[in-house]
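Participant: One structure, as structure tokens, below. Some questions next.
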Amino acid sequence: MIGVLAAIGWAFFQPAESYSIILMPTTWLVFVFWYLVWSVVRYRELPSLGRLLSYGLVVGITAMGIATILLLIPLLLLAILLRWKSTTSWRALGMAVLLGGVLLGASPAWIHNYFVAHDRVFLSAHSGVNFWIGNNPVATGYPKFPPGLHAGQEAMLKDSITTAEKAAGRSLKRSEVSAYWAQQGTRLDRESSTRLAQVSRSKDQELLERLSV
Amino acid sequence: MLPKLVSLARSPTLPVAWGLFLVVLAVRLFCLFQLADSQFLIPQGGDMLFYNDWALRILHGQWTDHTAFYGLPLYAYLLAGIYKVFGFSPFIPGLIQSILEGGTAVIIYRLALLVLVARPLLHLRQRRRRAPAIARR
């Protein structure tokens, strides 16, 4: 009965409804996420190496769409270590196979970045600017584009490249652009603990206000 | 390799799982058709426009711009593949995602069944099996 209620709850869960019908990869991530969690729960003994490889592949491939899935790797490793019964050597082999599967699954992205773009990037180089969006002086903890970056994914990414290149005075690789924005974000932490505290407080306030609404 | 846990939670629940799949699919399709009837089906901004434009560039032969990816690439390539097969329409990805949502609901149901029904049942059986042995001692 609880299972039925949970599934019916999912049917009318508004964010899931919205994400399923628009052009966003979230639905794919959610499906893969719960499939892997279910896989962890349903086995009591270490699955075959082939199955572990397939889990790694699924995580690696999905990471090329939404990297959040990589957070499942610790869960899978813990399942191998603590949950699934097996010998130590099989466990070690299982972990190696799982991680190998992840690397293999994500290989189209890193092969493109290393060998076509000649840039040392595993999946994508937009992590730096994302970090800056969450760690700039006017960050609220919610999606809000900082001054200097236009709203909208495409415009924001273009702005982030031109701003970083302007600051450097030369054309930059994407990994260098990412490093520039990550540096801007960490500078806030390093330079002033007061400013960092202010940003954190403003994020907390925003969160509390929204929760109280 | 498949343990008892799974078989305990599997057999009588198949019609329920199919029912849940169809309910979720129906709810998602209702929303999708409403979106399709509106002006918002074709992306006009945000991440949706970003993925849509990227997919269209891939579809027109621009597979790479020879720089490292600046945004995760899989969904754009997936969309390009769907557009290639079915023609350009954001409706088809929505339809595929609606089917996936039905799958997610079934997984949630099965997960709840495993955690809340099958495992406690298994523990109960194990305890009962152990009980006479303890009594014999």
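Simple scheme: letters A, B, ... for chains in structure tokens order, numbers from 1 for residues in each chain, numbers from 1 for ligands in the order shown.
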Find the residues around Leu95 (chain B) up to 12 Å (only C-alpha atoms counted), leave out those fewer than 6 positions away in its own chain, and share them as a list in words.
Facilitator: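 Answer for this query is Tyr19, Ser20, Ile21, Ile22, Leu23 and Thr27 of chain A; Leu25, Ala26, Val27, Arg28, Leu29, Phe30, Cys31, Leu32, Phe33, Leu35, Ala36, Ile82, Phe86, Ser89, Glu101 and Gly102 of chain B.
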Participant: Once you have the residues from the selection above, write them out as a PDB file, in the first residue's frame, restricted to N, CA, C and O atoms.
Facilitator:
```
ATOM      1  N   TYR A  19       9.382  18.760 -15.235  1.00  0.00           N
ATOM      2  CA  TYR A  19      10.632  18.372 -15.886  1.00  0.00           C
ATOM      3  C   TYR A  19      10.443  17.284 -16.940  1.00  0.00           C
ATOM      4  O   TYR A  19      11.244  17.168 -17.863  1.00  0.00           O
ATOM      5  N   SER A  20       9.384  16.480 -16.777  1.00  0.00           N
ATOM      6  CA  SER A  20       9.221  15.369 -17.726  1.00  0.00           C
ATOM      7  C   SER A  20       8.784  15.836 -19.104  1.00  0.00           C
ATOM      8  O   SER A  20       8.997  15.141 -20.086  1.00  0.00           O
ATOM      9  N   ILE A  21       8.180  17.013 -19.203  1.00  0.00           N
ATOM     10  CA  ILE A  21       7.636  17.411 -20.509  1.00  0.00           C
ATOM     11  C   ILE A  21       8.450  18.510 -21.188  1.00  0.00           C
ATOM     12  O   ILE A  21       8.099  18.945 -22.274  1.00  0.00           O
ATOM     13  N   ILE A  22       9.510  18.972 -20.544  1.00  0.00           N
ATOM     14  CA  ILE A  22      10.319  20.022 -21.178  1.00  0.00           C
ATOM     15  C   ILE A  22      11.668  19.458 -21.597  1.00  0.00           C
ATOM     16  O   ILE A  22      12.030  18.333 -21.228  1.00  0.00           O
ATOM     17  N   LEU A  23      12.411  20.241 -22.354  1.00  0.00           N
ATOM     18  CA  LEU A  23      13.692  19.758 -22.873  1.00  0.00           C
ATOM     19  C   LEU A  23      14.791  19.921 -21.827  1.00  0.00           C
ATOM     20  O   LEU A  23      15.648  20.803 -21.926  1.00  0.00           O
ATOM     21  N   THR A  27      14.664  14.171 -16.007  1.00  0.00           N
ATOM     22  CA  THR A  27      13.878  12.932 -15.940  1.00  0.00           C
ATOM     23  C   THR A  27      14.767  11.697 -16.125  1.00  0.00           C
ATOM     24  O   THR A  27      14.578  10.682 -15.458  1.00  0.00           O
TER      25      THR A  27
ATOM     26  N   LEU B  25       1.908   7.551 -16.589  1.00  0.00           N
ATOM     27  CA  LEU B  25       2.021   7.910 -18.007  1.00  0.00           C
ATOM     28  C   LEU B  25       0.833   8.792 -18.427  1.00  0.00           C
ATOM     29  O   LEU B  25       1.013   9.803 -19.123  1.00  0.00           O
ATOM     30  N   ALA B  26      -0.357   8.422 -17.966  1.00  0.00           N
ATOM     31  CA  ALA B  26      -1.557   9.195 -18.332  1.00  0.00           C
ATOM     32  C   ALA B  26      -1.473  10.626 -17.790  1.00  0.00           C
ATOM     33  O   ALA B  26      -1.777  11.591 -18.508  1.00  0.00           O
ATOM     34  N   VAL B  27      -1.020  10.751 -16.534  1.00  0.00           N
ATOM     35  CA  VAL B  27      -0.896  12.094 -15.942  1.00  0.00           C
ATOM     36  C   VAL B  27       0.120  12.929 -16.725  1.00  0.00           C
ATOM     37  O   VAL B  27      -0.114  14.099 -17.047  1.00  0.00           O
ATOM     38  N   ARG B  28       1.248  12.302 -17.054  1.00  0.00           N
ATOM     39  CA  ARG B  28       2.295  13.024 -17.796  1.00  0.00           C
ATOM     40  C   ARG B  28       1.810  13.400 -19.195  1.00  0.00           C
ATOM     41  O   ARG B  28       2.089  14.488 -19.684  1.00  0.00           O
ATOM     42  N   LEU B  29       1.081  12.482 -19.845  1.00  0.00           N
ATOM     43  CA  LEU B  29       0.602  12.770 -21.200  1.00  0.00           C
ATOM     44  C   LEU B  29      -0.422  13.911 -21.180  1.00  0.00           C
ATOM     45  O   LEU B  29      -0.435  14.743 -22.081  1.00  0.00           O
ATOM     46  N   PHE B  30      -1.244  13.939 -20.137  1.00  0.00           N
ATOM     47  CA  PHE B  30      -2.211  15.036 -19.990  1.00  0.00           C
ATOM     48  C   PHE B  30      -1.458  16.373 -19.968  1.00  0.00           C
ATOM     49  O   PHE B  30      -1.821  17.319 -20.687  1.00  0.00           O
ATOM     50  N   CYS B  31      -0.391  16.424 -19.161  1.00  0.00           N
ATOM     51  CA  CYS B  31       0.402  17.657 -19.065  1.00  0.00           C
ATOM     52  C   CYS B  31       1.085  17.960 -20.403  1.00  0.00           C
ATOM     53  O   CYS B  31       1.126  19.114 -20.840  1.00  0.00           O
ATOM     54  N   LEU B  32       1.603  16.909 -21.028  1.00  0.00           N
ATOM     55  CA  LEU B  32       2.331  17.100 -22.288  1.00  0.00           C
ATOM     56  C   LEU B  32       1.411  17.647 -23.381  1.00  0.00           C
ATOM     57  O   LEU B  32       1.782  18.568 -24.114  1.00  0.00           O
ATOM     58  N   PHE B  33       0.198  17.105 -23.458  1.00  0.00           N
ATOM     59  CA  PHE B  33      -0.735  17.584 -24.487  1.00  0.00           C
ATOM     60  C   PHE B  33      -1.148  19.033 -24.210  1.00  0.00           C
ATOM     61  O   PHE B  33      -1.331  19.814 -25.139  1.00  0.00           O
ATOM     62  N   LEU B  35       0.781  21.239 -22.793  1.00  0.00           N
ATOM     63  CA  LEU B  35       1.932  22.052 -23.218  1.00  0.00           C
ATOM     64  C   LEU B  35       1.979  22.156 -24.740  1.00  0.00           C
ATOM     65  O   LEU B  35       2.253  23.219 -25.299  1.00  0.00           O
ATOM     66  N   ALA B  36       1.696  21.027 -25.394  1.00  0.00           N
ATOM     67  CA  ALA B  36       1.755  20.997 -26.861  1.00  0.00           C
ATOM     68  C   ALA B  36       0.725  21.935 -27.479  1.00  0.00           C
ATOM     69  O   ALA B  36       0.932  22.457 -28.578  1.00  0.00           O
ATOM     70  N   ILE B  82      17.133  12.139 -31.639  1.00  0.00           N
ATOM     71  CA  ILE B  82      15.657  12.029 -31.691  1.00  0.00           C
ATOM     72  C   ILE B  82      15.110  12.872 -32.848  1.00  0.00           C
ATOM     73  O   ILE B  82      14.246  12.428 -33.607  1.00  0.00           O
ATOM     74  N   PHE B  86      12.827  11.322 -35.764  1.00  0.00           N
ATOM     75  CA  PHE B  86      11.398  11.663 -35.771  1.00  0.00           C
ATOM     76  C   PHE B  86      11.101  13.040 -36.375  1.00  0.00           C
ATOM     77  O   PHE B  86       9.941  13.422 -36.490  1.00  0.00           O
ATOM     78  N   SER B  89      10.719  18.117 -33.289  1.00  0.00           N
ATOM     79  CA  SER B  89       9.556  18.428 -32.456  1.00  0.00           C
ATOM     80  C   SER B  89       9.894  18.133 -30.999  1.00  0.00           C
ATOM     81  O   SER B  89      10.288  17.007 -30.682  1.00  0.00           O
ATOM     82  N   GLU B 101       9.108   8.373 -16.891  1.00  0.00           N
ATOM     83  CA  GLU B 101       8.497   8.718 -15.607  1.00  0.00           C
ATOM     84  C   GLU B 101       7.633   7.567 -15.087  1.00  0.00           C
ATOM     85  O   GLU B 101       7.613   7.298 -13.883  1.00  0.00           O
ATOM     86  N   GLY B 102       6.923   6.917 -16.005  1.00  0.00           N
ATOM     87  CA  GLY B 102       6.157   5.726 -15.618  1.00  0.00           C
ATOM     88  C   GLY B 102       7.083   4.669 -15.041  1.00  0.00           C
ATOM     89  O   GLY B 102       6.786   4.034 -14.021  1.00  0.00           O
TER      90      GLY B 102
END
```
Participant: Do you have, as a Markdown table, the list of residues of region 22-137 of chain A lying at most 6 Å from region 180-187 of chain A, each with its nearest atom pair and that distance in Å to one decimal, counting only C-alpha atoms and ordered by chain then number?
Facilitator:
```
| residue | atom | partner | partner_atom | distance |
| --- | --- | --- | --- | --- |
| A:Gly128 | CA | A:Ala182 | CA | 4.3 |
| A:Val129 | CA | A:Trp181 | CA | 5.1 |
| A:Trp132 | CA | A:Gly185 | CA | 4.8 |
| A:Asn135 | CA | A:Gly185 | CA | 5.3 |
```
Participant: Emit the selected residues as a PDB file, in the first residue's frame, including all heavy atoms.
Facilitator:
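Final output, out04.pdb:
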```
ATOM      1  N   GLY A 128      33.444  25.976 -13.066  1.00  0.00           N
ATOM      2  CA  GLY A 128      33.978  27.203 -12.455  1.00  0.00           C
ATOM      3  C   GLY A 128      32.923  28.293 -12.380  1.00  0.00           C
ATOM      4  O   GLY A 128      32.717  28.899 -11.331  1.00  0.00           O
ATOM      5  N   VAL A 129      32.224  28.511 -13.504  1.00  0.00           N
ATOM      6  CA  VAL A 129      31.230  29.592 -13.511  1.00  0.00           C
ATOM      7  C   VAL A 129      30.023  29.220 -12.634  1.00  0.00           C
ATOM      8  O   VAL A 129      29.432  30.085 -11.984  1.00  0.00           O
ATOM      9  CB  VAL A 129      30.825  29.968 -14.959  1.00  0.00           C
ATOM     10  CG1 VAL A 129      29.947  28.930 -15.616  1.00  0.00           C
ATOM     11  CG2 VAL A 129      30.101  31.313 -14.961  1.00  0.00           C
ATOM     12  N   TRP A 132      30.960  30.145  -9.224  1.00  0.00           N
ATOM     13  CA  TRP A 132      30.890  31.593  -9.046  1.00  0.00           C
ATOM     14  C   TRP A 132      29.434  32.033  -8.836  1.00  0.00           C
ATOM     15  O   TRP A 132      29.144  32.890  -8.008  1.00  0.00           O
ATOM     16  CB  TRP A 132      31.499  32.290 -10.263  1.00  0.00           C
ATOM     17  CG  TRP A 132      31.305  33.774 -10.294  1.00  0.00           C
ATOM     18  CD1 TRP A 132      30.628  34.496 -11.219  1.00  0.00           C
ATOM     19  CD2 TRP A 132      31.813  34.743  -9.353  1.00  0.00           C
ATOM     20  NE1 TRP A 132      30.654  35.825 -10.928  1.00  0.00           N
ATOM     21  CE2 TRP A 132      31.382  36.014  -9.777  1.00  0.00           C
ATOM     22  CE3 TRP A 132      32.570  34.650  -8.188  1.00  0.00           C
ATOM     23  CZ2 TRP A 132      31.681  37.182  -9.097  1.00  0.00           C
ATOM     24  CZ3 TRP A 132      32.874  35.820  -7.504  1.00  0.00           C
ATOM     25  CH2 TRP A 132      32.439  37.060  -7.958  1.00  0.00           C
ATOM     26  N   ASN A 135      28.719  31.361  -5.346  1.00  0.00           N
ATOM     27  CA  ASN A 135      29.656  31.925  -4.366  1.00  0.00           C
ATOM     28  C   ASN A 135      30.148  33.305  -4.770  1.00  0.00           C
ATOM     29  O   ASN A 135      31.341  33.575  -4.775  1.00  0.00           O
ATOM     30  CB  ASN A 135      30.854  30.981  -4.178  1.00  0.00           C
ATOM     31  CG  ASN A 135      30.453  29.679  -3.542  1.00  0.00           C
ATOM     32  OD1 ASN A 135      30.351  29.570  -2.338  1.00  0.00           O
ATOM     33  ND2 ASN A 135      30.183  28.694  -4.375  1.00  0.00           N
TER      34      ASN A 135
END
```
Participant: Find the nearest atom pair between each residue of chain B and chain A for residues within 8 Å, count only C-alpha atoms, give distances in Å to one decimal, sort rows by chain and ascending number, and present the table as JSON lines.
Facilitator:
```
{"residue": "B:Met1", "atom": "CA", "partner": "A:Pro47", "partner_atom": "CA", "distance": 7.0}
{"residue": "B:Leu2", "atom": "CA", "partner": "A:Tyr43", "partner_atom": "CA", "distance": 6.8}
{"residue": "B:Pro3", "atom": "CA", "partner": "A:Tyr43", "partner_atom": "CA", "distance": 6.4}
{"residue": "B:Leu5", "atom": "CA", "partner": "A:Arg42", "partner_atom": "CA", "distance": 6.6}
{"residue": "B:Val6", "atom": "CA", "partner": "A:Arg42", "partner_atom": "CA", "distance": 6.1}
{"residue": "B:Leu20", "atom": "CA", "partner": "A:Ala7", "partner_atom": "CA", "distance": 6.8}
{"residue": "B:Val23", "atom": "CA", "partner": "A:Ala11", "partner_atom": "CA", "distance": 7.4}
{"residue": "B:Val24", "atom": "CA", "partner": "A:Ala11", "partner_atom": "CA", "distance": 4.8}
{"residue": "B:Val27", "atom": "CA", "partner": "A:Ala11", "partner_atom": "CA", "distance": 6.6}
{"residue": "B:Arg28", "atom": "CA", "partner": "A:Glu17", "partner_atom": "CA", "distance": 6.2}
{"residue": "B:Cys31", "atom": "CA", "partner": "A:Glu17", "partner_atom": "CA", "distance": 7.3}
{"residue": "B:Leu32", "atom": "CA", "partner": "A:Ile21", "partner_atom": "CA", "distance": 5.6}
{"residue": "B:Leu35", "atom": "CA", "partner": "A:Ile21", "partner_atom": "CA", "distance": 7.8}
{"residue": "B:Leu41", "atom": "CA", "partner": "A:Ile22", "partner_atom": "CA", "distance": 7.7}
{"residue": "B:Pro43", "atom": "CA", "partner": "A:Leu23", "partner_atom": "CA", "distance": 7.8}
{"residue": "B:Gly45", "atom": "CA", "partner": "A:Gly152", "partner_atom": "CA", "distance": 6.6}
{"residue": "B:Gly46", "atom": "CA", "partner": "A:Gly152", "partner_atom": "CA", "distance": 4.7}
{"residue": "B:Asp47", "atom": "CA", "partner": "A:Gln153", "partner_atom": "CA", "distance": 5.5}
{"residue": "B:Met48", "atom": "CA", "partner": "A:Leu23", "partner_atom": "CA", "distance": 5.0}
{"residue": "B:Phe50", "atom": "CA", "partner": "A:Glu154", "partner_atom": "CA", "distance": 5.6}
{"residue": "B:Tyr51", "atom": "CA", "partner": "A:Leu23", "partner_atom": "CA", "distance": 7.1}
{"residue": "B:Asn52", "atom": "CA", "partner": "A:Leu23", "partner_atom": "CA", "distance": 7.3}
{"residue": "B:His66", "atom": "CA", "partner": "A:Ala117", "partner_atom": "CA", "distance": 4.8}
{"residue": "B:Thr67", "atom": "CA", "partner": "A:Ala117", "partner_atom": "CA", "distance": 4.5}
{"residue": "B:Ala68", "atom": "CA", "partner": "A:Asn113", "partner_atom": "CA", "distance": 4.7}
{"residue": "B:Phe69", "atom": "CA", "partner": "A:Ser124", "partner_atom": "CA", "distance": 4.8}
{"residue": "B:Tyr70", "atom": "CA", "partner": "A:Ala125", "partner_atom": "CA", "distance": 5.0}
{"residue": "B:Gly71", "atom": "CA", "partner": "A:Ser124", "partner_atom": "CA", "distance": 5.6}
{"residue": "B:Leu72", "atom": "CA", "partner": "A:Gly65", "partner_atom": "CA", "distance": 5.4}
{"residue": "B:Pro73", "atom": "CA", "partner": "A:Met64", "partner_atom": "CA", "distance": 6.0}
{"residue": "B:Leu74", "atom": "CA", "partner": "A:Gly65", "partner_atom": "CA", "distance": 4.6}
{"residue": "B:Tyr75", "atom": "CA", "partner": "A:Gly65", "partner_atom": "CA", "distance": 5.4}
{"residue": "B:Pro90", "atom": "CA", "partner": "A:Leu23", "partner_atom": "CA", "distance": 6.9}
{"residue": "B:Phe91", "atom": "CA", "partner": "A:Ile21", "partner_atom": "CA", "distance": 7.9}
{"residue": "B:Pro93", "atom": "CA", "partner": "A:Leu23", "partner_atom": "CA", "distance": 7.1}
{"residue": "B:Gly94", "atom": "CA", "partner": "A:Ile21", "partner_atom": "CA", "distance": 4.3}
{"residue": "B:Leu95", "atom": "CA", "partner": "A:Ile21", "partner_atom": "CA", "distance": 7.3}
{"residue": "B:Gln97", "atom": "CA", "partner": "A:Ser20", "partner_atom": "CA", "distance": 5.3}
{"residue": "B:Ser98", "atom": "CA", "partner": "A:Ser20", "partner_atom": "CA", "distance": 5.7}
{"residue": "B:Leu100", "atom": "CA", "partner": "A:Phe31", "partner_atom": "CA", "distance": 6.6}
{"residue": "B:Glu101", "atom": "CA", "partner": "A:Thr27", "partner_atom": "CA", "distance": 6.8}
{"residue": "B:Gly103", "atom": "CA", "partner": "A:Phe31", "partner_atom": "CA", "distance": 7.1}
{"residue": "B:Thr104", "atom": "CA", "partner": "A:Phe31", "partner_atom": "CA", "distance": 5.1}
{"residue": "B:Ala105", "atom": "CA", "partner": "A:Ala7", "partner_atom": "CA", "distance": 4.8}
{"residue": "B:Val106", "atom": "CA", "partner": "A:Ala7", "partner_atom": "CA", "distance": 6.8}
{"residue": "B:Ile107", "atom": "CA", "partner": "A:Tyr35", "partner_atom": "CA", "distance": 6.5}
{"residue": "B:Ile108", "atom": "CA", "partner": "A:Ala7", "partner_atom": "CA", "distance": 6.0}
{"residue": "B:Tyr109", "atom": "CA", "partner": "A:Gly3", "partner_atom": "CA", "distance": 4.3}
{"residue": "B:Arg110", "atom": "CA", "partner": "A:Gly3", "partner_atom": "CA", "distance": 6.9}
{"residue": "B:Leu111", "atom": "CA", "partner": "A:Trp38", "partner_atom": "CA", "distance": 5.7}
{"residue": "B:Ala112", "atom": "CA", "partner": "A:Gly3", "partner_atom": "CA", "distance": 4.8}
{"residue": "B:Leu113", "atom": "CA", "partner": "A:Gly3", "partner_atom": "CA", "distance": 5.9}
{"residue": "B:Leu114", "atom": "CA", "partner": "A:Arg42", "partner_atom": "CA", "distance": 7.0}
{"residue": "B:Val115", "atom": "CA", "partner": "A:Val41", "partner_atom": "CA", "distance": 7.7}
```
Participant: Please, which residues of chain B, numbered as in this document, come out alpha helix (DSSP H) from DSSP, as a PyMOL selection string?
Facilitator: chain B and resi 4-10+14-36+46-59+74-86+91-113+119-136
Participant: One decimal, Å: what's the distance from CA of Leu29 (chain A) over to CA of Leu79 (chain B), could you say?
Facilitator: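 Atom-to-atom, CA of Leu29 (chain A) to CA of Leu79 (chain B), that is 15.1 Å.
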Participant: Counting only C-alpha atoms, which residue out of A:Leu93, A:Val40, A:Leu103, A:Leu211 sits closest to Leu70 (chain A)?
Facilitator: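 The closest residue to Leu70 (chain A) is A:Leu103.
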Participant: Using only C-alpha atoms, which residues sit within 10 Å of Gly100 (chain A) once same-chain residues fewer than 5 positions away are excluded, as a PDB file with C-alpha atoms, in the first residue's frame?
Facilitator:
```
ATOM      1  CA  LEU A  52      28.882  -4.084 -11.886  1.00  0.00           C
ATOM      2  CA  LEU A  53      30.486  -3.003 -15.154  1.00  0.00           C
ATOM      3  CA  GLY A  56      29.540   1.817 -13.936  1.00  0.00           C
ATOM      4  CA  LEU A  57      28.741   2.332 -17.618  1.00  0.00           C
ATOM      5  CA  GLY A  60      29.417   7.229 -16.690  1.00  0.00           C
ATOM      6  CA  GLY A  94      34.195  -5.275  -8.109  1.00  0.00           C
ATOM      7  CA  MET A  95      35.139  -1.736  -7.108  1.00  0.00           C
ATOM      8  CA  GLY A 105      30.893   5.250 -19.934  1.00  0.00           C
TER       9      GLY A 105
END
```
Participant: Suppose you want the space between CA of Ser89 (chain A) and CA of Tyr55 (chain A); what is it in Å?
Facilitator: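 The value is 19.3 Å.
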Participant: Take CA of Gly81 (chain B) and CA of Trp54 (chain B) and report the distance between them in Å, one decimal.
Facilitator: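 Value for the CA of Gly81 (chain B)-CA of Trp54 (chain B) distance: 11.9 Å.
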Participant: Neighbours of Phe88 (chain B) within 10 Å (only C-alpha atoms; same-chain residues fewer than 4 positions away dropped), as a PDB file with N, CA and C atoms, in the first residue's frame?
Facilitator:
```pdb
ATOM      1  N   ASN B  52      18.189  22.827 -26.987  1.00  0.00           N
ATOM      2  CA  ASN B  52      17.530  22.741 -28.290  1.00  0.00           C
ATOM      3  C   ASN B  52      18.443  23.300 -29.387  1.00  0.00           C
ATOM      4  N   ALA B  55      21.348  21.014 -29.983  1.00  0.00           N
ATOM      5  CA  ALA B  55      20.916  19.826 -30.739  1.00  0.00           C
ATOM      6  C   ALA B  55      20.754  20.163 -32.222  1.00  0.00           C
ATOM      7  N   LEU B  56      20.194  21.341 -32.509  1.00  0.00           N
ATOM      8  CA  LEU B  56      19.996  21.726 -33.912  1.00  0.00           C
ATOM      9  C   LEU B  56      21.338  21.948 -34.619  1.00  0.00           C
ATOM     10  N   LEU B  59      22.592  18.576 -35.397  1.00  0.00           N
ATOM     11  CA  LEU B  59      21.784  18.041 -36.494  1.00  0.00           C
ATOM     12  C   LEU B  59      22.228  18.616 -37.837  1.00  0.00           C
ATOM     13  N   LEU B  79      19.014  14.625 -28.055  1.00  0.00           N
ATOM     14  CA  LEU B  79      17.950  15.374 -28.737  1.00  0.00           C
ATOM     15  C   LEU B  79      18.191  15.380 -30.243  1.00  0.00           C
ATOM     16  N   ALA B  80      19.455  15.591 -30.616  1.00  0.00           N
ATOM     17  CA  ALA B  80      19.791  15.614 -32.049  1.00  0.00           C
ATOM     18  C   ALA B  80      19.426  14.276 -32.690  1.00  0.00           C
ATOM     19  N   ILE B  82      17.133  12.139 -31.639  1.00  0.00           N
ATOM     20  CA  ILE B  82      15.657  12.029 -31.691  1.00  0.00           C
ATOM     21  C   ILE B  82      15.110  12.872 -32.848  1.00  0.00           C
ATOM     22  N   TYR B  83      15.628  14.087 -33.003  1.00  0.00           N
ATOM     23  CA  TYR B  83      15.175  14.961 -34.101  1.00  0.00           C
ATOM     24  C   TYR B  83      15.499  14.328 -35.459  1.00  0.00           C
ATOM     25  N   LYS B  84      16.653  13.664 -35.505  1.00  0.00           N
ATOM     26  CA  LYS B  84      17.078  13.028 -36.769  1.00  0.00           C
ATOM     27  C   LYS B  84      16.079  11.934 -37.161  1.00  0.00           C
ATOM     28  N   ILE B  92       8.260  14.781 -29.037  1.00  0.00           N
ATOM     29  CA  ILE B  92       8.767  13.395 -28.946  1.00  0.00           C
ATOM     30  C   ILE B  92       9.676  13.200 -27.715  1.00  0.00           C
TER      31      ILE B  92
END
```
